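One file, run35.txt, carrying compact mmCIF, C-alpha atoms and all ligand atoms:
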# COMPACT_ATOMS: atom_id res chain seq x y z
CA MET B 1 -25.92 12.05 -23.23
CA ARG B 2 -26.93 9.92 -20.21
CA PRO B 3 -24.17 8.52 -17.98
CA SER B 4 -24.80 4.96 -19.25
CA GLU B 5 -24.06 6.13 -22.82
CA VAL B 6 -21.03 8.12 -21.64
CA ILE B 7 -19.74 4.97 -19.95
CA ARG B 8 -20.27 2.88 -23.07
CA ARG B 9 -18.33 5.31 -25.25
CA SER B 10 -15.54 5.94 -22.78
CA THR B 11 -15.15 2.19 -22.19
CA ASP B 12 -14.54 1.78 -25.94
CA TYR B 13 -12.06 4.65 -25.84
CA LEU B 14 -10.07 3.20 -22.93
CA GLU B 15 -10.12 -0.25 -24.52
CA ARG B 16 -8.75 1.12 -27.80
CA HIS B 17 -5.89 2.63 -25.77
CA GLY B 18 -5.09 -0.72 -24.17
CA VAL B 19 -6.31 0.09 -20.65
CA GLU B 20 -7.12 -3.07 -18.69
CA SER B 21 -10.63 -3.38 -17.17
CA PRO B 22 -11.83 -0.43 -19.28
CA ARG B 23 -15.43 -0.45 -18.02
CA GLU B 24 -14.44 -0.41 -14.33
CA ASN B 25 -12.00 2.40 -15.10
CA ALA B 26 -14.59 4.43 -17.01
CA GLU B 27 -17.14 4.02 -14.22
CA ALA B 28 -14.71 4.92 -11.47
CA ILE B 29 -13.42 8.01 -13.30
CA LEU B 30 -16.91 9.25 -14.16
CA ALA B 31 -18.16 8.64 -10.62
CA GLN B 32 -15.22 10.68 -9.34
CA CYS B 33 -15.99 13.55 -11.76
CA LEU B 34 -19.66 13.56 -10.74
CA GLY B 35 -18.94 13.18 -7.03
CA THR B 36 -21.01 10.02 -6.78
CA ASP B 37 -20.54 6.24 -6.56
CA ARG B 38 -21.25 3.48 -9.07
CA ALA B 39 -24.92 3.08 -8.05
CA GLY B 40 -25.43 6.86 -8.24
CA LEU B 41 -23.96 6.82 -11.73
CA TYR B 42 -26.58 4.46 -13.11
CA ALA B 43 -29.45 6.09 -11.18
CA ARG B 44 -28.64 9.41 -12.80
CA ARG B 45 -30.66 10.55 -15.84
CA GLU B 46 -29.30 13.98 -16.67
CA GLY B 47 -26.23 14.39 -18.86
CA LEU B 48 -22.88 15.99 -18.01
CA ASP B 49 -22.56 19.76 -17.92
CA GLN B 50 -19.77 21.23 -20.00
CA THR B 51 -17.27 21.67 -17.15
CA THR B 52 -17.72 18.09 -15.93
CA ALA B 53 -17.51 16.75 -19.49
CA ARG B 54 -14.21 18.56 -19.98
CA ARG B 55 -12.85 17.35 -16.68
CA PHE B 56 -13.89 13.80 -17.51
CA GLY B 57 -12.22 14.01 -20.93
CA ARG B 58 -8.98 15.17 -19.38
CA ALA B 59 -9.08 12.40 -16.77
CA LEU B 60 -9.61 9.78 -19.50
CA CYS B 61 -6.57 11.16 -21.34
CA ARG B 62 -4.43 10.94 -18.22
CA ARG B 63 -5.54 7.33 -17.70
CA CYS B 64 -4.66 6.45 -21.33
CA SER B 65 -1.22 7.97 -20.96
CA GLY B 66 -0.32 5.79 -17.97
CA THR B 67 -1.62 7.57 -14.85
CA PRO B 68 -2.82 4.90 -12.39
CA LEU B 69 -6.59 4.93 -11.80
CA GLN B 70 -6.01 5.50 -8.07
CA TYR B 71 -4.12 8.76 -8.70
CA ILE B 72 -7.19 9.97 -10.64
CA THR B 73 -9.86 8.86 -8.16
CA GLY B 74 -7.61 9.70 -5.18
CA GLU B 75 -8.44 6.55 -3.27
CA GLN B 76 -7.60 2.89 -2.73
CA GLN B 77 -9.47 0.32 -0.67
CA PHE B 78 -7.17 -1.64 1.68
CA LEU B 79 -9.08 -4.44 3.46
CA ASP B 80 -11.90 -2.52 5.17
CA LEU B 81 -10.14 0.86 5.09
CA ARG B 82 -10.62 3.41 2.34
CA LEU B 83 -7.32 5.27 1.99
CA THR B 84 -6.59 8.55 0.29
CA VAL B 85 -3.73 8.17 -2.18
CA GLY B 86 -2.02 10.57 -4.54
CA ARG B 87 0.87 11.25 -6.86
CA GLY B 88 4.24 10.92 -5.15
CA VAL B 89 3.18 8.09 -2.84
CA PHE B 90 3.02 4.31 -3.45
CA ILE B 91 -0.48 2.87 -4.00
CA PRO B 92 -1.21 -0.01 -1.55
CA ARG B 93 -1.42 -3.40 -3.26
CA PRO B 94 -3.63 -6.44 -2.58
CA GLU B 95 -0.51 -8.54 -1.78
CA THR B 96 0.12 -6.27 1.20
CA GLU B 97 -3.27 -7.20 2.67
CA GLY B 98 -1.76 -10.68 3.15
CA LEU B 99 1.32 -9.17 4.81
CA VAL B 100 -0.69 -7.14 7.29
CA LEU B 101 -2.93 -10.12 8.18
CA ALA B 102 0.17 -12.28 8.78
CA ALA B 103 1.54 -9.47 10.97
CA LEU B 104 -1.71 -9.01 12.90
CA GLU B 105 -1.73 -12.73 13.73
CA THR B 106 1.58 -12.40 15.58
CA LEU B 107 -0.03 -9.93 18.02
CA GLU B 108 -2.69 -12.41 19.16
CA GLY B 109 -2.47 -12.80 22.92
CA VAL B 110 0.03 -9.93 23.25
CA PRO B 111 -1.57 -7.22 25.42
CA ASP B 112 -0.87 -3.54 24.62
CA PRO B 113 1.63 -4.34 21.86
CA VAL B 114 4.05 -1.88 20.28
CA ALA B 115 4.17 -2.07 16.48
CA VAL B 116 6.40 -0.24 13.99
CA ASP B 117 5.69 -0.04 10.23
CA VAL B 118 8.84 0.89 8.28
CA GLY B 119 8.25 2.58 4.89
CA THR B 120 4.60 3.32 5.58
CA GLY B 121 3.71 5.13 2.33
CA SER B 122 0.01 6.05 2.58
CA GLY B 123 -0.03 4.48 6.06
CA ALA B 124 -1.89 1.32 4.96
CA ILE B 125 -0.17 -1.22 7.22
CA ALA B 126 0.14 0.95 10.34
CA LEU B 127 -3.45 2.20 10.05
CA PHE B 128 -4.91 -1.26 9.58
CA LEU B 129 -3.00 -2.57 12.62
CA LYS B 130 -4.31 0.28 14.78
CA HIS B 131 -7.82 -0.20 13.37
CA ARG B 132 -7.80 -3.87 14.44
CA ARG B 133 -5.79 -3.48 17.64
CA ARG B 134 -6.92 -0.34 19.45
CA ASP B 135 -4.76 -1.32 22.43
CA ALA B 136 -1.61 -1.16 20.30
CA GLN B 137 0.86 1.71 20.25
CA VAL B 138 1.64 2.07 16.54
CA PHE B 139 4.54 3.96 14.97
CA ALA B 140 5.33 4.41 11.30
CA THR B 141 8.36 5.79 9.46
CA ASP B 142 9.12 6.83 5.89
CA THR B 143 12.00 8.69 4.25
CA SER B 144 9.52 10.50 2.01
CA ALA B 145 8.02 13.69 3.50
CA GLU B 146 5.11 13.38 1.04
CA ALA B 147 4.33 9.88 2.29
CA VAL B 148 4.50 11.01 5.92
CA ASP B 149 2.07 13.89 5.21
CA LEU B 150 -0.35 11.55 3.45
CA ALA B 151 -0.16 8.85 6.15
CA ARG B 152 -0.82 11.50 8.81
CA SER B 153 -3.81 12.86 6.94
CA ASN B 154 -5.21 9.32 6.47
CA ALA B 155 -4.75 8.74 10.21
CA ARG B 156 -6.63 11.95 11.06
CA ARG B 157 -9.47 11.24 8.65
CA LEU B 158 -9.90 7.67 9.91
CA GLY B 159 -9.56 8.72 13.56
CA LEU B 160 -6.65 6.29 14.10
CA ASP B 161 -3.89 7.33 16.46
CA VAL B 162 -0.67 6.37 14.67
CA ASP B 163 2.60 8.20 15.29
CA VAL B 164 4.10 8.83 11.82
CA ARG B 165 7.69 10.09 11.62
CA VAL B 166 9.99 11.03 8.77
CA GLY B 167 13.37 9.28 8.58
CA ASN B 168 15.43 6.27 7.63
CA ILE B 169 14.30 2.77 8.76
CA LEU B 170 14.03 3.00 12.61
CA ASP B 171 16.06 6.20 13.15
CA PRO B 172 13.02 8.31 14.14
CA ILE B 173 11.68 5.79 16.69
CA PRO B 174 12.17 6.78 20.38
CA LYS B 175 15.22 5.01 21.79
CA ALA B 176 13.21 4.10 24.91
CA LEU B 177 11.40 1.51 22.76
CA ARG B 178 14.58 -0.51 22.12
CA GLY B 179 13.93 -4.09 23.19
CA ARG B 180 10.20 -3.38 23.60
CA VAL B 181 8.79 -3.67 20.07
CA SER B 182 6.31 -6.56 19.67
CA LEU B 183 6.10 -6.28 15.87
CA LEU B 184 8.36 -4.80 13.22
CA VAL B 185 6.59 -4.87 9.87
CA SER B 186 7.52 -3.54 6.45
CA ASN B 187 6.67 -3.59 2.79
CA PRO B 188 9.94 -2.00 1.63
CA PRO B 189 10.93 -1.17 -1.94
CA TYR B 190 12.13 -4.56 -3.19
CA LEU B 191 12.31 -4.54 -6.98
CA ALA B 192 15.78 -4.85 -8.56
CA ALA B 193 17.06 -1.79 -10.47
CA GLY B 194 17.19 -3.90 -13.64
CA GLU B 195 13.45 -4.62 -13.41
CA TYR B 196 12.46 -0.96 -13.45
CA ASP B 197 12.52 -0.32 -17.21
CA SER B 198 10.20 -3.22 -17.95
CA LEU B 199 7.52 -2.08 -15.48
CA PRO B 200 4.22 -0.88 -16.95
CA PRO B 201 3.86 2.93 -17.17
CA GLU B 202 1.25 2.85 -14.35
CA VAL B 203 3.85 1.42 -11.97
CA ARG B 204 6.59 3.79 -13.20
CA ALA B 205 4.22 6.65 -12.32
CA GLU B 206 4.89 5.77 -8.67
CA PRO B 207 8.04 7.03 -6.90
CA TYR B 208 11.21 5.13 -7.85
CA GLU B 209 12.35 5.11 -4.19
CA ALA B 210 9.15 3.29 -3.23
CA LEU B 211 9.74 0.52 -5.78
CA VAL B 212 13.44 -0.20 -6.23
CA GLY B 213 15.67 -1.43 -3.43
CA GLY B 214 16.34 -5.15 -3.76
CA THR B 215 16.75 -6.63 -0.29
CA GLY B 216 18.51 -3.59 1.23
CA VAL B 217 15.81 -2.57 3.71
CA HIS B 218 15.09 -6.23 4.58
CA ARG B 219 18.73 -6.69 5.57
CA SER B 220 18.76 -3.50 7.67
CA LEU B 221 15.62 -4.67 9.47
CA VAL B 222 17.11 -8.09 10.19
CA LEU B 223 20.16 -6.35 11.72
CA ALA B 224 17.91 -4.04 13.77
CA ALA B 225 15.63 -6.85 14.98
CA SER B 226 17.73 -8.04 17.93
CA GLU B 227 18.17 -4.49 19.17
CA TRP B 228 14.53 -3.34 18.86
CA LEU B 229 12.32 -6.41 19.28
CA ALA B 230 11.00 -7.53 22.66
CA PRO B 231 11.60 -11.20 23.58
CA SER B 232 9.31 -13.24 21.26
CA GLY B 233 8.70 -10.10 19.13
CA TRP B 234 8.16 -10.62 15.41
CA LEU B 235 9.74 -9.26 12.23
CA VAL B 236 7.34 -9.57 9.27
CA VAL B 237 8.35 -8.33 5.80
CA GLU B 238 7.00 -8.38 2.27
CA ILE B 239 9.37 -9.73 -0.39
CA GLY B 240 9.63 -10.14 -4.15
CA GLU B 241 8.74 -13.65 -5.29
CA THR B 242 12.38 -14.65 -5.86
CA GLN B 243 13.69 -13.32 -2.52
CA GLY B 244 12.27 -15.95 -0.15
CA ARG B 245 15.42 -18.02 0.23
CA GLU B 246 17.78 -15.04 0.64
CA VAL B 247 15.62 -13.17 3.15
CA SER B 248 14.64 -16.22 5.22
CA GLY B 249 18.36 -17.18 5.28
CA ALA B 250 19.21 -13.74 6.68
CA PHE B 251 16.48 -14.15 9.34
CA ARG B 252 17.97 -17.51 10.45
CA ARG B 253 21.54 -16.21 10.50
CA ALA B 254 20.34 -13.45 12.83
CA SER B 255 19.01 -16.21 15.13
CA LEU B 256 15.36 -15.43 14.50
CA GLN B 257 13.10 -18.44 15.17
CA ASP B 258 9.98 -19.98 13.65
CA VAL B 259 11.04 -18.49 10.32
CA GLU B 260 8.56 -19.08 7.52
CA VAL B 261 8.02 -17.91 3.94
CA LEU B 262 4.33 -17.37 3.19
CA PRO B 263 2.73 -17.26 -0.27
CA ASP B 264 0.33 -14.65 -1.67
CA LEU B 265 -3.03 -15.52 -3.27
CA ALA B 266 -1.24 -16.38 -6.53
CA SER B 267 1.00 -18.87 -4.62
CA ARG B 268 4.12 -16.72 -5.05
CA ASP B 269 6.48 -16.26 -2.09
CA ARG B 270 5.45 -12.88 -0.63
CA VAL B 271 6.04 -12.68 3.13
CA VAL B 272 8.84 -13.73 5.47
CA ARG B 273 8.30 -13.75 9.21
CA GLY B 274 10.27 -14.86 12.23
CA ARG B 275 10.55 -14.03 15.91
CA LEU B 276 13.19 -13.31 18.48
CA PRO B 277 13.67 -16.12 21.01
CA GLY B 278 11.40 -15.70 24.08
N1 LIG E 301 3.83 0.39 3.30
C1 LIG E 301 3.20 1.04 2.15
C2 LIG E 301 2.30 0.05 1.44
O1 LIG E 301 2.50 -1.15 1.61
O2 LIG E 301 1.41 0.49 0.71
C3 LIG E 301 4.22 1.62 1.19
C4 LIG E 301 5.19 0.61 0.62
S1 LIG E 301 6.31 1.21 -0.64
C5 LIG E 301 6.62 -0.32 -1.50
C6 LIG E 301 7.85 1.46 0.23
C7 LIG E 301 7.92 2.74 1.08
O3 LIG E 301 9.16 2.72 1.81
C8 LIG E 301 7.90 4.04 0.31
O4 LIG E 301 6.92 4.90 0.85
C9 LIG E 301 9.32 4.61 0.48
O5 LIG E 301 9.34 6.02 0.53
C10 LIG E 301 9.72 4.02 1.82
N2 LIG E 301 11.16 3.86 2.04
C11 LIG E 301 12.11 3.51 1.14
N3 LIG E 301 13.31 3.39 1.74
C12 LIG E 301 13.12 3.66 3.06
C13 LIG E 301 13.97 3.70 4.22
N4 LIG E 301 15.27 3.44 4.11
N5 LIG E 301 13.43 4.03 5.42
C14 LIG E 301 12.11 4.30 5.54
N6 LIG E 301 11.24 4.28 4.48
C15 LIG E 301 11.74 3.95 3.27
N1 LIG E 302 4.47 -5.14 -5.78
C1 LIG E 302 5.05 -3.92 -6.30
C2 LIG E 302 4.87 -3.88 -7.78
O1 LIG E 302 3.77 -3.91 -8.22
C3 LIG E 302 6.45 -3.72 -5.79
C4 LIG E 302 6.31 -3.43 -4.37
C5 LIG E 302 7.55 -3.18 -3.63
O2 LIG E 302 8.64 -2.97 -4.13
N2 LIG E 302 7.37 -3.24 -2.35
O3 LIG E 302 5.76 -3.77 -8.58

Could you take the file, read its structure, and then write that structure out as structure tokens?
Ligand code: SAM
Ligand code: GLN
Amino acid sequence: MRPSEVIRRSTDYLERHGVESPRENAEAILAQCLGTDRAGLYARREGLDQTTARRFGRALCRRCSGTPLQYITGEQQFLDLRLTVGRGVFIPRPETEGLVLAALETLEGVPDPVAVDVGTGSGAIALFLKHRRRDAQVFATDTSAEAVDLARSNARRLGLDVDVRVGNILDPIPKALRGRVSLLVSNPPYLAAGEYDSLPPEVRAEPYEALVGGTGVHRSLVLAASEWLAPSGWLVVEIGETQGREVSGAFRRASLQDVEVLPDLASRDRVVRGRLPG
């Protein structure tokens, strides 16, 4: 059977099992099994050997039973970076591309900035900042040892010098940087515990600690801001769509200035940012 026929049949199969975007999923999974890309898939004439066919069948089954596509293909595009992702670590989302662009903007005109990404997961935010600002000194923290390993291996593979450390919030950051951080950025776990059960199985396949947290980390970061940020340094955080008022209120109470709530591409509140007085 030629790959185009395999794709047709597996698309039907995924569709019958309620997988969204079944054709894109079938193509991506088959390309991964054949070690090629989408163009290579359609250029190919020969069929699948038995081992590949079996591997492909198993991958389709995993997808139908709620494994996210990215855990099967092992990768996720984040702006112009291709990141390795895997089970046990949060998969970067498109909303977070907006967060990191809003964060990058705050570094304009700041020479040799120091940036810290709290709860780095695969390293997406920290790596993109370093990729766009080679003059920056970038740190990242995460409580998950698996996330720290993955972020470090993404940094090595992409040739980006980011200092990734395991630990809570800012605990692992060198104390000498207190009062010198130009940008504190985070996409923390922000879903409410009560939301967890109604999440789709794909999302529940990601670590609970990466998803559920309400505004706990946001509040810790607001408290840490005055101690860690340089004068005019920025705190930029991702939020759940209903958390804009609460989080921006906490920013103002901590005397942060120029506080704004920014929407994502679907016009939902998604980012809060504010800066320390200059
Ligand atoms: N920044 C990544 C991204 O946007 O793709 C991952 C975001 S994920 C929603 C939240 C991450 O924060 C998880 O990797 C989780 O392990 C980490 N985390 C949760 N609580 C934390 C804490 N108190 N201190 C540091 N990291 C934490
Ligand atoms: N946006 C995530 C979701 O798809 C939640 C991300 C987070 O808690 N930071 O549910």

Closest to ligand LIG 302 (chain E) among B:Pro189, B:Gly194, B:Gly109, B:Gly278, using all atoms listed in the file? B:Pro189

Taking all atoms listed in the file into account, report as a ChimeraX atom specification which residues have an atom no farther than 10 Å from an atom of ligand LIG 302 (chain E). /B:90-96,119,186-192,195-196,199-200,202-204,206,208-215,237-241,270

First collect every listed atom of segment 44-58 of chain B; then fit an axis-aligned box around them, widen it by 4 Å on each side, and give centre and edge lengths in Å to one decimal, as lines of an AutoDock Vina configuration file.
center_x = -19.8
center_y = 15.5
center_z = -16.9
size_x = 29.7
size_y = 20.3
size_z = 16.1

Check the smallest atom-to-atom distance from each of B:Ala193, B:Ala115, B:Val100, B:Ala230 to ligand LIG 301 (chain E) using only C-alpha atoms and all ligand atoms, then report the winner. B:Val100

Between atom CA of Pro231 of chain B and atom CA of Gly179 of chain B - distance in Å to one decimal: 7.5 Å

Distance atom CA of Ser248 of chain B-atom CA of Thr143 of chain B, one decimal place?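 Taking atom CA of Ser248 of chain B and atom CA of Thr143 of chain B, their separation equals 25.1 Å.
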
Find, counting only C-alpha atoms and all ligand atoms, the residue in B:Asp149, B:Asp258, B:Glu246, B:Glu227 that gets nearest to ligand LIG 301 (chain E).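 Nearest candidate to ligand LIG 301 (chain E) out of B:Asp149, B:Asp258, B:Glu246, B:Glu227: B:Asp149.
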
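In this comparison, which uses all atoms listed in the file, the residue of B:Pro174, B:Ala59, B:Asp264, B:Val222 approaching Glu97 of chain B most closely is B:Asp264.
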
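For the set B:Ala224, B:Val164, B:Arg178, B:Thr141, the residue with the smallest atom-to-atom gap to ligand LIG 301 (chain E) is B:Thr141, counting only C-alpha atoms and all ligand atoms.
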
Would you mind reading off the distance between atom CA of Val162 of chain B and atom CA of Ala126 of chain B, one decimal, in Å?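 Atom-to-atom, atom CA of Val162 of chain B and atom CA of Ala126 of chain B are spaced 7.0 Å apart.
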
Using all atoms listed in the file, determine which residues lie at most 8 Å from Val185 of chain B, disregarding the query and same-chain residues fewer than 3 positions distant; provide the list as a ChimeraX atom specification. /B:103,115-118,235-237

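Among the candidates B:Ala254, B:Leu150, B:Leu276, B:Ala124, the residue lying nearest to ligand LIG 301 (chain E) is B:Ala124 (atoms considered: all atoms listed in the file).
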
Near-segment 23-27 of chain B list (8 Å; all atoms listed in the file; drop same-chain fewer than 5 positions) as a list of chain:residue names: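 The filter keeps B:Ile7, B:Arg8, B:Ser10, B:Thr11, B:Leu14, B:Arg38, B:Leu41, B:Leu60, B:Leu69.
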
Go ahead and write the residues just picked, C-alpha atoms, as a CSV table (one decimal), in the frame of the given file.
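Saved file again-v9.csv follows:
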chain,number,residue,atom,x,y,z
B,7,ILE,CA,-19.7,5.0,-20.0
B,8,ARG,CA,-20.3,2.9,-23.1
B,10,SER,CA,-15.5,5.9,-22.8
B,11,THR,CA,-15.2,2.2,-22.2
B,14,LEU,CA,-10.1,3.2,-22.9
B,38,ARG,CA,-21.2,3.5,-9.1
B,41,LEU,CA,-24.0,6.8,-11.7
B,60,LEU,CA,-9.6,9.8,-19.5
B,69,LEU,CA,-6.6,4.9,-11.8

Fewer than 3 positions away in the same chain doesn't count, so skip those; otherwise give me all residues within 12 Å of Cys61 of chain B, counting all atoms listed in the file, as a ChimeraX atom specification. /B:10,13-14,17,19,26,29,54-58,64-69,72

For the residues in the current selection, export C-alpha atoms as a CSV table (one decimal), in the coordinates of the input.
chain,number,residue,atom,x,y,z
B,10,SER,CA,-15.5,5.9,-22.8
B,13,TYR,CA,-12.1,4.6,-25.8
B,14,LEU,CA,-10.1,3.2,-22.9
B,17,HIS,CA,-5.9,2.6,-25.8
B,19,VAL,CA,-6.3,0.1,-20.6
B,26,ALA,CA,-14.6,4.4,-17.0
B,29,ILE,CA,-13.4,8.0,-13.3
B,54,ARG,CA,-14.2,18.6,-20.0
B,55,ARG,CA,-12.8,17.4,-16.7
B,56,PHE,CA,-13.9,13.8,-17.5
B,57,GLY,CA,-12.2,14.0,-20.9
B,58,ARG,CA,-9.0,15.2,-19.4
B,64,CYS,CA,-4.7,6.4,-21.3
B,65,SER,CA,-1.2,8.0,-21.0
B,66,GLY,CA,-0.3,5.8,-18.0
B,67,THR,CA,-1.6,7.6,-14.8
B,68,PRO,CA,-2.8,4.9,-12.4
B,69,LEU,CA,-6.6,4.9,-11.8
B,72,ILE,CA,-7.2,10.0,-10.6

Who sits within 10 Å of Pro263 of chain B, all atoms listed in the file, same chain under 5 positions skipped, as a PyMOL selection string: chain B and resi 95+98-99+241+244+268-272

At most 9 Å from (5.8, 8.8, 5.6), file frame, all atoms listed in the file: which residues, as number ranges by chain? B: 89, 118-123, 140-152, 164-167

Which residues come within 9 Å of Leu158 of chain B, counting all atoms listed in the file, excluding same-chain residues fewer than 5 positions away, as JSON, numbers by chain? {"B": [81, 82, 83, 127, 131, 153]}

Take the residues from that selection and write them out as a PDB file, in the coordinates of the input, keeping C-alpha atoms.
ATOM      1  CA  LEU B  81     -10.140   0.860   5.090  1.00  0.00           C
ATOM      2  CA  ARG B  82     -10.620   3.410   2.340  1.00  0.00           C
ATOM      3  CA  LEU B  83      -7.320   5.270   1.990  1.00  0.00           C
ATOM      4  CA  LEU B 127      -3.450   2.200  10.050  1.00  0.00           C
ATOM      5  CA  HIS B 131      -7.820  -0.200  13.370  1.00  0.00           C
ATOM      6  CA  SER B 153      -3.810  12.860   6.940  1.00  0.00           C
TER       7      SER B 153
END

Kindly output segment 11-32 of chain B as an mmCIF file, in the coordinates of the input, after building N, CA and C atoms.
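rebuild-v2.cif, written as the output of this step:
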data_model
loop_
_atom_site.group_PDB
_atom_site.id
_atom_site.type_symbol
_atom_site.label_atom_id
_atom_site.label_comp_id
_atom_site.auth_asym_id
_atom_site.auth_seq_id
_atom_site.Cartn_x
_atom_site.Cartn_y
_atom_site.Cartn_z
ATOM 1 N N THR B 11 -15.704 3.544 -22.305
ATOM 2 C CA THR B 11 -15.150 2.190 -22.190
ATOM 3 C C THR B 11 -14.464 1.807 -23.506
ATOM 4 N N ASP B 12 -15.149 2.062 -24.621
ATOM 5 C CA ASP B 12 -14.540 1.780 -25.940
ATOM 6 C C ASP B 12 -13.226 2.525 -26.099
ATOM 7 N N TYR B 13 -13.250 3.804 -25.694
ATOM 8 C CA TYR B 13 -12.060 4.650 -25.840
ATOM 9 C C TYR B 13 -10.889 4.090 -25.029
ATOM 10 N N LEU B 14 -11.154 3.732 -23.772
ATOM 11 C CA LEU B 14 -10.070 3.200 -22.930
ATOM 12 C C LEU B 14 -9.582 1.867 -23.490
ATOM 13 N N GLU B 15 -10.492 1.057 -23.959
ATOM 14 C CA GLU B 15 -10.120 -0.250 -24.520
ATOM 15 C C GLU B 15 -9.213 -0.072 -25.734
ATOM 16 N N ARG B 16 -9.578 0.870 -26.603
ATOM 17 C CA ARG B 16 -8.750 1.120 -27.800
ATOM 18 C C ARG B 16 -7.337 1.552 -27.404
ATOM 19 N N HIS B 17 -7.219 2.193 -26.231
ATOM 20 C CA HIS B 17 -5.890 2.630 -25.770
ATOM 21 C C HIS B 17 -5.211 1.589 -24.888
ATOM 22 N N GLY B 18 -5.770 0.381 -24.852
ATOM 23 C CA GLY B 18 -5.090 -0.720 -24.170
ATOM 24 C C GLY B 18 -5.184 -0.681 -22.652
ATOM 25 N N VAL B 19 -6.158 0.062 -22.109
ATOM 26 C CA VAL B 19 -6.310 0.090 -20.650
ATOM 27 C C VAL B 19 -7.040 -1.180 -20.209
ATOM 28 N N GLU B 20 -6.468 -1.857 -19.213
ATOM 29 C CA GLU B 20 -7.120 -3.070 -18.690
ATOM 30 C C GLU B 20 -8.379 -2.712 -17.906
ATOM 31 N N SER B 21 -9.341 -3.607 -17.866
ATOM 32 C CA SER B 21 -10.630 -3.380 -17.170
ATOM 33 C C SER B 21 -11.202 -2.010 -17.542
ATOM 34 N N PRO B 22 -11.430 -1.776 -18.847
ATOM 35 C CA PRO B 22 -11.830 -0.430 -19.280
ATOM 36 C C PRO B 22 -13.166 0.035 -18.695
ATOM 37 N N ARG B 23 -14.128 -0.871 -18.542
ATOM 38 C CA ARG B 23 -15.430 -0.450 -18.020
ATOM 39 C C ARG B 23 -15.328 0.011 -16.559
ATOM 40 N N GLU B 24 -14.603 -0.780 -15.745
ATOM 41 C CA GLU B 24 -14.440 -0.410 -14.330
ATOM 42 C C GLU B 24 -13.722 0.940 -14.232
ATOM 43 N N ASN B 25 -12.726 1.134 -15.101
ATOM 44 C CA ASN B 25 -12.000 2.400 -15.100
ATOM 45 C C ASN B 25 -12.914 3.560 -15.488
ATOM 46 N N ALA B 26 -13.697 3.360 -16.551
ATOM 47 C CA ALA B 26 -14.590 4.430 -17.010
ATOM 48 C C ALA B 26 -15.592 4.786 -15.916
ATOM 49 N N GLU B 27 -16.159 3.773 -15.293
ATOM 50 C CA GLU B 27 -17.140 4.020 -14.220
ATOM 51 C C GLU B 27 -16.517 4.763 -13.051
ATOM 52 N N ALA B 28 -15.342 4.305 -12.640
ATOM 53 C CA ALA B 28 -14.710 4.920 -11.470
ATOM 54 C C ALA B 28 -14.329 6.379 -11.762
ATOM 55 N N ILE B 29 -13.840 6.645 -12.965
ATOM 56 C CA ILE B 29 -13.420 8.010 -13.300
ATOM 57 C C ILE B 29 -14.639 8.933 -13.409
ATOM 58 N N LEU B 30 -15.710 8.424 -14.032
ATOM 59 C CA LEU B 30 -16.910 9.250 -14.160
ATOM 60 C C LEU B 30 -17.548 9.504 -12.788
ATOM 61 N N ALA B 31 -17.595 8.473 -11.963
ATOM 62 C CA ALA B 31 -18.160 8.640 -10.620
ATOM 63 C C ALA B 31 -17.392 9.713 -9.854
ATOM 64 N N GLN B 32 -16.060 9.672 -10.001
ATOM 65 C CA GLN B 32 -15.220 10.680 -9.340
ATOM 66 C C GLN B 32 -15.544 12.087 -9.856
#
